[in-house]
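K.L.:
One file: upload.cif (mmCIF, C-alpha atoms).
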```
data_structure
loop_
_atom_site.label_atom_id
_atom_site.label_comp_id
_atom_site.auth_asym_id
_atom_site.auth_seq_id
_atom_site.Cartn_x
_atom_site.Cartn_y
_atom_site.Cartn_z
CA MET A 1 159.26 81.74 166.38
CA ALA A 2 156.53 80.43 164.05
CA PHE A 3 153.80 81.45 166.50
CA ARG A 4 155.29 84.92 166.87
CA SER A 5 155.45 85.21 163.09
CA ALA A 6 151.78 84.30 162.84
CA HIS A 7 151.04 86.82 165.58
CA PHE A 8 152.77 89.61 163.66
CA VAL A 9 151.08 88.69 160.39
CA ARG A 10 147.67 88.85 162.13
CA ARG A 11 148.56 92.21 163.66
CA PHE A 12 149.77 93.56 160.32
CA PHE A 13 146.59 92.70 158.44
CA GLY A 14 144.43 93.64 161.41
CA SER A 15 145.96 97.11 161.41
CA LEU A 16 145.37 97.53 157.69
CA PHE A 17 141.66 96.87 158.14
CA ALA A 18 141.09 98.28 161.63
CA GLY A 19 137.82 100.09 162.13
CA ARG A 20 137.10 102.77 164.68
CA VAL A 21 136.34 102.75 168.38
CA SER A 22 132.58 103.22 168.84
CA ALA A 23 131.03 105.79 171.18
CA ASP A 24 130.02 102.98 173.57
CA GLU A 25 133.58 101.63 173.59
CA LEU A 26 134.97 105.13 174.19
CA ALA A 27 132.73 105.50 177.24
CA TRP A 28 133.87 102.07 178.49
CA VAL A 29 137.53 102.99 177.98
CA GLU A 30 137.15 106.30 179.80
CA ALA A 31 135.52 104.48 182.73
CA GLN A 32 138.59 102.21 183.05
CA LEU A 33 141.14 105.01 183.13
CA THR A 34 142.04 107.84 185.47
CA ALA A 35 141.79 111.34 184.00
CA GLU A 36 145.55 111.35 183.38
CA GLU A 37 145.49 107.93 181.71
CA TRP A 38 142.47 108.92 179.59
CA ARG A 39 144.31 111.97 178.24
CA LEU A 40 147.27 109.75 177.38
CA TRP A 41 145.06 107.11 175.69
CA GLN A 42 143.40 109.81 173.57
CA ARG A 43 146.79 110.64 172.05
CA MET A 44 147.08 107.15 170.60
CA GLY A 45 146.44 106.69 166.90
CA ARG A 46 143.25 105.08 165.61
CA ILE A 47 144.81 101.68 164.95
CA ASP A 48 146.42 101.54 168.41
CA ARG A 49 143.16 102.56 170.05
CA VAL A 50 141.24 99.80 168.27
CA GLU A 51 143.87 97.24 169.25
CA SER A 52 144.02 98.43 172.86
CA VAL A 53 140.24 98.10 173.22
CA ALA A 54 140.37 94.58 171.76
CA VAL A 55 143.14 93.59 174.19
CA ALA A 56 141.29 95.09 177.16
CA ARG A 57 138.01 93.40 176.19
CA ARG A 58 139.76 90.03 175.93
CA ALA A 59 141.38 90.65 179.31
CA ALA A 60 138.07 91.71 180.87
CA ALA A 61 136.52 88.42 179.78
CA GLN A 62 139.26 86.46 181.58
CA LEU A 63 140.08 88.47 184.69
CA PRO A 64 138.72 87.01 187.95
CA ALA A 65 135.34 88.47 188.93
CA GLU A 66 136.46 88.87 192.53
CA LEU A 67 138.70 91.75 191.44
CA GLY A 68 135.58 93.89 191.32
CA GLU A 69 135.46 97.22 189.56
CA ASP A 70 138.31 99.06 191.25
CA HIS A 71 141.54 97.62 189.85
CA PRO A 72 144.19 98.91 187.43
CA TRP A 73 144.44 95.88 185.15
CA LEU A 74 142.08 96.93 182.37
CA ALA A 75 143.88 100.28 182.26
CA ALA A 76 147.12 98.31 181.98
CA ALA A 77 145.68 96.39 179.03
CA LEU A 78 144.56 99.63 177.38
CA LEU A 79 147.88 101.45 177.78
CA HIS A 80 150.51 98.70 177.55
CA ASP A 81 151.61 99.74 174.03
CA ILE A 82 151.42 103.52 174.49
CA GLY A 83 155.17 103.82 173.87
CA LYS A 84 154.74 102.79 170.22
CA ARG A 85 153.27 106.20 169.39
CA ASP A 86 156.57 107.90 170.17
CA SER A 87 158.19 106.21 167.17
CA GLY A 88 155.79 107.99 164.85
CA PHE A 89 155.59 104.84 162.74
CA GLY A 90 152.56 103.50 160.92
CA THR A 91 151.86 99.91 159.98
CA PHE A 92 154.56 99.43 157.34
CA ARG A 93 157.42 101.05 159.24
CA ARG A 94 156.44 99.19 162.40
CA SER A 95 156.64 95.96 160.45
CA ALA A 96 160.06 96.89 159.13
CA ALA A 97 161.23 97.86 162.64
CA GLN A 98 160.00 94.55 164.03
CA LEU A 99 161.85 92.67 161.32
CA MET A 100 165.03 94.65 162.01
CA GLY A 101 164.71 93.89 165.72
CA SER A 102 164.17 90.21 165.01
CA MET A 103 167.28 90.08 162.84
CA ALA A 104 169.56 92.23 165.01
CA GLY A 105 168.20 91.22 168.39
CA ARG A 106 166.10 93.29 170.77
CA SER A 107 169.20 94.63 172.52
CA ALA A 108 170.16 96.48 169.33
CA GLY A 109 167.15 98.72 169.86
CA ALA A 110 168.72 100.34 172.92
CA ALA A 111 171.79 101.32 170.91
CA TRP A 112 169.63 102.58 168.07
CA MET A 113 167.76 104.87 170.48
CA GLU A 114 171.05 106.70 170.96
CA SER A 115 171.40 107.38 167.23
CA SER A 116 169.38 109.83 165.17
CA GLY A 117 166.77 109.86 162.44
CA GLN A 118 165.05 106.66 161.38
CA MET A 119 167.35 104.41 163.39
CA ARG A 120 166.42 106.31 166.56
CA ARG A 121 162.74 105.85 165.73
CA VAL A 122 163.31 102.11 165.21
CA GLY A 123 165.02 102.00 168.60
CA ILE A 124 162.08 103.79 170.22
CA TYR A 125 159.65 101.36 168.62
CA LEU A 126 161.64 98.32 169.75
CA ASN A 127 161.88 99.77 173.27
CA HIS A 128 158.24 100.88 173.39
CA ALA A 129 157.70 99.06 176.69
CA ALA A 130 160.15 101.24 178.62
CA VAL A 131 159.18 104.35 176.67
CA GLY A 132 155.50 103.75 177.41
CA SER A 133 156.10 103.02 181.08
CA THR A 134 157.88 106.35 181.42
CA ALA A 135 155.09 108.17 179.56
CA ILE A 136 152.46 106.69 181.89
CA ALA A 137 154.45 107.63 184.99
CA VAL A 138 155.16 111.16 183.76
CA ALA A 139 151.48 111.66 182.88
CA GLY A 140 150.49 110.68 186.43
CA GLY A 141 149.12 107.23 185.61
CA ARG A 142 148.85 104.51 188.22
CA PRO A 143 152.11 102.78 189.11
CA GLU A 144 150.65 99.34 188.31
CA VAL A 145 149.73 100.49 184.81
CA ALA A 146 153.24 101.87 184.20
CA ALA A 147 154.77 98.70 185.65
CA TRP A 148 152.79 96.44 183.31
CA ALA A 149 153.71 98.56 180.28
CA LYS A 150 157.37 98.15 181.17
CA VAL A 151 157.33 94.34 181.54
CA HIS A 152 154.52 93.21 179.24
CA HIS A 153 156.97 91.47 176.88
CA ASP A 154 159.18 90.13 179.69
CA PRO A 155 157.68 87.26 181.71
CA ALA A 156 160.79 87.20 183.90
CA GLY A 157 159.98 90.74 185.00
CA TRP A 158 156.30 90.23 185.84
CA ALA A 159 156.72 89.27 189.48
CA GLY A 160 159.28 92.00 190.16
CA ALA A 161 156.89 94.57 188.74
CA GLY A 162 154.25 93.61 191.28
CA VAL A 163 151.85 92.11 188.75
CA PRO A 164 150.27 88.97 190.23
CA GLY A 165 151.10 85.91 188.12
CA PRO A 166 147.50 85.02 187.19
CA ILE A 167 146.81 88.64 186.18
CA ALA A 168 150.01 88.86 184.13
CA ARG A 169 149.11 85.67 182.27
CA VAL A 170 145.63 87.00 181.45
CA LEU A 171 147.01 90.35 180.24
CA ALA A 172 149.73 88.71 178.15
CA ALA A 173 147.34 86.20 176.60
CA ALA A 174 144.88 88.99 175.80
CA ASP A 175 147.72 90.70 173.90
CA GLY A 176 148.40 87.56 171.88
CA GLU A 177 151.52 86.46 173.74
CA THR A 178 152.33 82.81 174.27
CA VAL A 179 151.69 82.16 177.94
CA ARG A 180 153.04 79.17 179.81
#
```
Would you mind writing the file out in structure tokens?
P.N.:
Amino acid sequence: MAFRSAHFVRRFFGSLFAGRVSADELAWVEAQLTAEEWRLWQRMGRIDRVESVAVARRAAAQLPAELGEDHPWLAAALLHDIGKRDSGFGTFRRSAAQLMGSMAGRSAGAAWMESSGQMRRVGIYLNHAAVGSTAIAVAGGRPEVAAWAKVHHDPAGWAGAGVPGPIARVLAAADGETVR
């Protein structure tokens, strides 16, 4: 848990001081996404965009060159957290939601999604993987991108989602997850 705590502290302060996505980075992002995925990515907030580009750049540096240009994995890195936007939370409320989830257990988030008001929003945030996967699918995104969004926090689900093990490890590590 200490590593995860450090991860969240880095994310918190990183979001407070996040810059903007440059014009060159925007062009790079658009080149990685289908038209449907690009429209979805553009609806992300500034902080999430900056973070998604950083994750995708780290993944790009580690993905095997033999994949070539035509693969969905950088799009998966760019859109894996798209479900967070549906909570409507900024940095401070996301931190509070994460703390609540840590104390109550991730499974509490599913029950909270069935409630209303702020508790529903906390539930959405804690279940952002499933929420995002659905958003990608509904928008017409590639199935592999939606699959990764759904399982990106669940190593046990990687193989069942059709994400090759080496690719899943690269994507997870690029997102700051502990990878074994």
K.L.:
Starting from the shown file, work through the PyMOL selection byres ((chain A and resi 80) around 9) and note down what comes out as a VMD selection string.
P.N.:
chain A and resid 52 75 to 79 81 to 83 129 132 to 133 145 to 146 148 to 150 152
K.L.:
My list of candidates is A:Ile124, A:Ala110, A:Leu63, A:Leu99. Which is closest to Ala168 of chain A when distances are computed with all atoms listed in the file?
P.N.:
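Among the listed residues, the smallest separation from Ala168 of chain A belongs to A:Leu63.
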K.L.:
Rounded to one decimal, what separation in Å do you get between atom CA of Leu33 of chain A and atom CA of Pro72 of chain A?
P.N.:
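Separation between atom CA of Leu33 of chain A and atom CA of Pro72 of chain A: 8.1 Å.
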K.L.:
Ranking A:Ala161, A:Ala35, A:Ala23, A:Ala135 by minimum distance to Ala147 of chain A and counting only C-alpha atoms, which one comes first?
P.N.:
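Looking at the shortest contact to Ala147 of chain A, the residue is A:Ala161.
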K.L.:
Check the smallest atom-to-atom distance from each of A:Trp73, A:Asp48, A:Ala104, A:Glu114 to Gly162 of chain A using only C-alpha atoms, then report the winner.
P.N.:
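For Gly162 of chain A, the nearest of the candidates is A:Trp73.
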K.L.:
Using only C-alpha atoms, which of the listed residues (A:Asp86, A:Asp24, A:Glu51, A:Glu37) sits closest to Pro143 of chain A?
P.N.:
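Distance minimum relative to Pro143 of chain A lands on A:Glu37.
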K.L.:
Contacts of Arg58 of chain A at 10 Å or less, counting all atoms listed in the file, minus same-chain residues fewer than 4 places along, as a CSV table (one decimal) with C-alpha atoms, in the coordinates of the input?
P.N.:
```csv
chain,number,residue,atom,x,y,z
A,52,SER,CA,144.0,98.4,172.9
A,53,VAL,CA,140.2,98.1,173.2
A,54,ALA,CA,140.4,94.6,171.8
A,62,GLN,CA,139.3,86.5,181.6
A,63,LEU,CA,140.1,88.5,184.7
A,74,LEU,CA,142.1,96.9,182.4
A,77,ALA,CA,145.7,96.4,179.0
A,170,VAL,CA,145.6,87.0,181.4
A,171,LEU,CA,147.0,90.4,180.2
A,173,ALA,CA,147.3,86.2,176.6
A,174,ALA,CA,144.9,89.0,175.8
A,175,ASP,CA,147.7,90.7,173.9
A,176,GLY,CA,148.4,87.6,171.9
```
K.L.:
Could you expand the PyMOL selection byres ((chain A and resi 121) around 8) into the explicit residues it covers here, written as a list in words?
P.N.:
Asp86, Ser87, Gly88, Phe89, Trp112, Met113, Ser116, Gly117, Gln118, Met119, Arg120, Val122, Gly123, Ile124 and Tyr125 of chain A
K.L.:
To one decimal place, how far is atom CA of Glu177 of chain A from atom CA of Ile136 of chain A in Å?
P.N.:
21.8 Å
K.L.:
May I ask for the distance between atom CA of Trp158 of chain A and atom CA of Glu69 of chain A, given in Å to one decimal place?
P.N.:
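Between atom CA of Trp158 of chain A and atom CA of Glu69 of chain A the gap is 22.3 Å.
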K.L.:
Enclose the full set of atoms of segment 51-59 of chain A listed in the file within a box whose edges lie along x, y and z, apply 4 Å of padding to each of the six sides, and report centre and edge lengths in Å to one decimal as lines of an AutoDock Vina configuration file.
P.N.:
```
center_x = 141.0
center_y = 94.2
center_z = 174.3
size_x = 14.0
size_y = 16.4
size_z = 18.1
```
K.L.:
Rank A:Pro64, A:Met100, A:Asp70, A:Lys84 by their smallest atom-to-atom distance to Met44 of chain A, using all atoms listed in the file, and report the top residue only.
P.N.:
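Among A:Pro64, A:Met100, A:Asp70, A:Lys84, it is A:Lys84 that comes nearest to Met44 of chain A.
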K.L.:
Got a sec to write segment 40-156 of chain A of the block to a file, C-alpha atoms, as a CSV table (one decimal), in the first residue's frame?
P.N.:
```csv
chain,number,residue,atom,x,y,z
A,40,LEU,CA,-14.2,11.3,-26.9
A,41,TRP,CA,-10.6,12.3,-25.9
A,42,GLN,CA,-11.4,15.9,-26.6
A,43,ARG,CA,-14.1,15.8,-23.9
A,44,MET,CA,-11.6,15.1,-21.3
A,45,GLY,CA,-10.5,17.8,-18.9
A,46,ARG,CA,-7.2,19.5,-19.2
A,47,ILE,CA,-5.5,17.6,-16.4
A,48,ASP,CA,-6.7,14.2,-17.7
A,49,ARG,CA,-5.5,15.1,-21.2
A,50,VAL,CA,-2.1,16.0,-19.9
A,51,GLU,CA,-1.9,12.8,-17.9
A,52,SER,CA,-3.2,10.6,-20.7
A,53,VAL,CA,-0.5,12.0,-23.1
A,54,ALA,CA,2.2,11.3,-20.4
A,55,VAL,CA,1.0,7.7,-20.0
A,56,ALA,CA,0.8,7.2,-23.8
A,57,ARG,CA,4.3,8.6,-24.3
A,58,ARG,CA,5.7,6.3,-21.6
A,59,ALA,CA,3.9,3.4,-23.2
A,60,ALA,CA,5.2,4.3,-26.7
A,61,ALA,CA,8.7,4.3,-25.4
A,62,GLN,CA,8.3,0.7,-24.2
A,63,LEU,CA,6.0,-1.0,-26.7
A,64,PRO,CA,7.8,-3.4,-29.0
A,65,ALA,CA,8.8,-1.8,-32.3
A,66,GLU,CA,7.5,-4.8,-34.3
A,67,LEU,CA,3.9,-3.7,-33.5
A,68,GLY,CA,4.4,-1.1,-36.2
A,69,GLU,CA,2.1,1.9,-36.6
A,70,ASP,CA,-1.3,0.2,-36.8
A,71,HIS,CA,-2.2,-1.0,-33.3
A,72,PRO,CA,-4.7,0.1,-30.7
A,73,TRP,CA,-2.4,0.2,-27.7
A,74,LEU,CA,-1.5,3.9,-27.6
A,75,ALA,CA,-5.2,4.7,-28.0
A,76,ALA,CA,-5.8,2.4,-25.0
A,77,ALA,CA,-3.2,4.3,-23.0
A,78,LEU,CA,-4.8,7.6,-24.0
A,79,LEU,CA,-8.3,6.6,-23.1
A,80,HIS,CA,-8.0,4.2,-20.2
A,81,ASP,CA,-9.2,6.8,-17.6
A,82,ILE,CA,-12.0,8.4,-19.7
A,83,GLY,CA,-14.6,7.2,-17.2
A,84,LYS,CA,-13.3,9.5,-14.6
A,85,ARG,CA,-14.8,12.5,-16.4
A,86,ASP,CA,-18.3,11.2,-15.7
A,87,SER,CA,-17.8,11.8,-12.0
A,88,GLY,CA,-17.5,15.5,-12.6
A,89,PHE,CA,-14.8,15.6,-9.9
A,90,GLY,CA,-11.7,17.8,-9.9
A,91,THR,CA,-8.4,17.0,-8.0
A,92,PHE,CA,-9.6,17.5,-4.5
A,93,ARG,CA,-12.9,15.5,-4.8
A,94,ARG,CA,-11.1,12.7,-6.7
A,95,SER,CA,-8.6,12.5,-3.8
A,96,ALA,CA,-11.4,12.3,-1.3
A,97,ALA,CA,-13.2,9.6,-3.4
A,98,GLN,CA,-10.0,7.6,-3.6
A,99,LEU,CA,-9.6,7.8,0.1
A,100,MET,CA,-13.2,6.7,0.7
A,101,GLY,CA,-12.7,3.8,-1.7
A,102,SER,CA,-9.5,2.8,0.1
A,103,MET,CA,-11.3,2.8,3.4
A,104,ALA,CA,-14.5,1.2,2.4
A,105,GLY,CA,-13.1,-1.2,-0.3
A,106,ARG,CA,-13.5,-0.9,-4.0
A,107,SER,CA,-16.7,-3.0,-4.0
A,108,ALA,CA,-18.5,-0.2,-2.1
A,109,GLY,CA,-18.2,1.9,-5.2
A,110,ALA,CA,-20.7,-0.3,-7.0
A,111,ALA,CA,-23.3,0.2,-4.3
A,112,TRP,CA,-22.6,3.9,-4.2
A,113,MET,CA,-23.3,4.2,-8.0
A,114,GLU,CA,-26.9,3.1,-7.2
A,115,SER,CA,-27.3,6.0,-4.7
A,116,SER,CA,-27.7,9.7,-5.6
A,117,GLY,CA,-25.8,12.9,-5.3
A,118,GLN,CA,-22.2,13.0,-4.2
A,119,MET,CA,-22.2,9.3,-3.2
A,120,ARG,CA,-23.2,8.4,-6.7
A,121,ARG,CA,-20.4,10.5,-8.1
A,122,VAL,CA,-17.9,8.8,-5.8
A,123,GLY,CA,-19.2,5.4,-7.0
A,124,ILE,CA,-18.8,6.5,-10.7
A,125,TYR,CA,-15.2,7.7,-9.9
A,126,LEU,CA,-14.3,4.4,-8.2
A,127,ASN,CA,-15.8,2.4,-11.1
A,128,HIS,CA,-14.3,4.6,-13.8
A,129,ALA,CA,-12.8,1.6,-15.5
A,130,ALA,CA,-16.2,0.1,-16.4
A,131,VAL,CA,-17.8,3.5,-17.0
A,132,GLY,CA,-15.0,4.4,-19.4
A,133,SER,CA,-15.1,1.1,-21.2
A,134,THR,CA,-18.8,1.6,-21.8
A,135,ALA,CA,-18.2,5.1,-23.0
A,136,ILE,CA,-15.6,4.0,-25.5
A,137,ALA,CA,-17.8,1.2,-26.8
A,138,VAL,CA,-20.9,3.5,-27.2
A,139,ALA,CA,-18.8,6.1,-29.0
A,140,GLY,CA,-17.7,3.5,-31.5
A,141,GLY,CA,-14.1,3.1,-30.2
A,142,ARG,CA,-12.1,0.0,-31.0
A,143,PRO,CA,-13.0,-3.0,-28.9
A,144,GLU,CA,-9.3,-3.4,-27.7
A,145,VAL,CA,-9.4,0.1,-26.4
A,146,ALA,CA,-12.6,-0.4,-24.5
A,147,ALA,CA,-11.3,-3.8,-23.2
A,148,TRP,CA,-8.2,-2.2,-21.8
A,149,ALA,CA,-10.1,0.6,-20.1
A,150,LYS,CA,-12.3,-2.0,-18.4
A,151,VAL,CA,-9.4,-4.1,-17.0
A,152,HIS,CA,-6.5,-1.6,-16.6
A,153,HIS,CA,-6.7,-1.9,-12.7
A,154,ASP,CA,-7.3,-5.6,-12.8
A,155,PRO,CA,-4.3,-7.8,-13.7
A,156,ALA,CA,-6.4,-10.9,-13.4
```
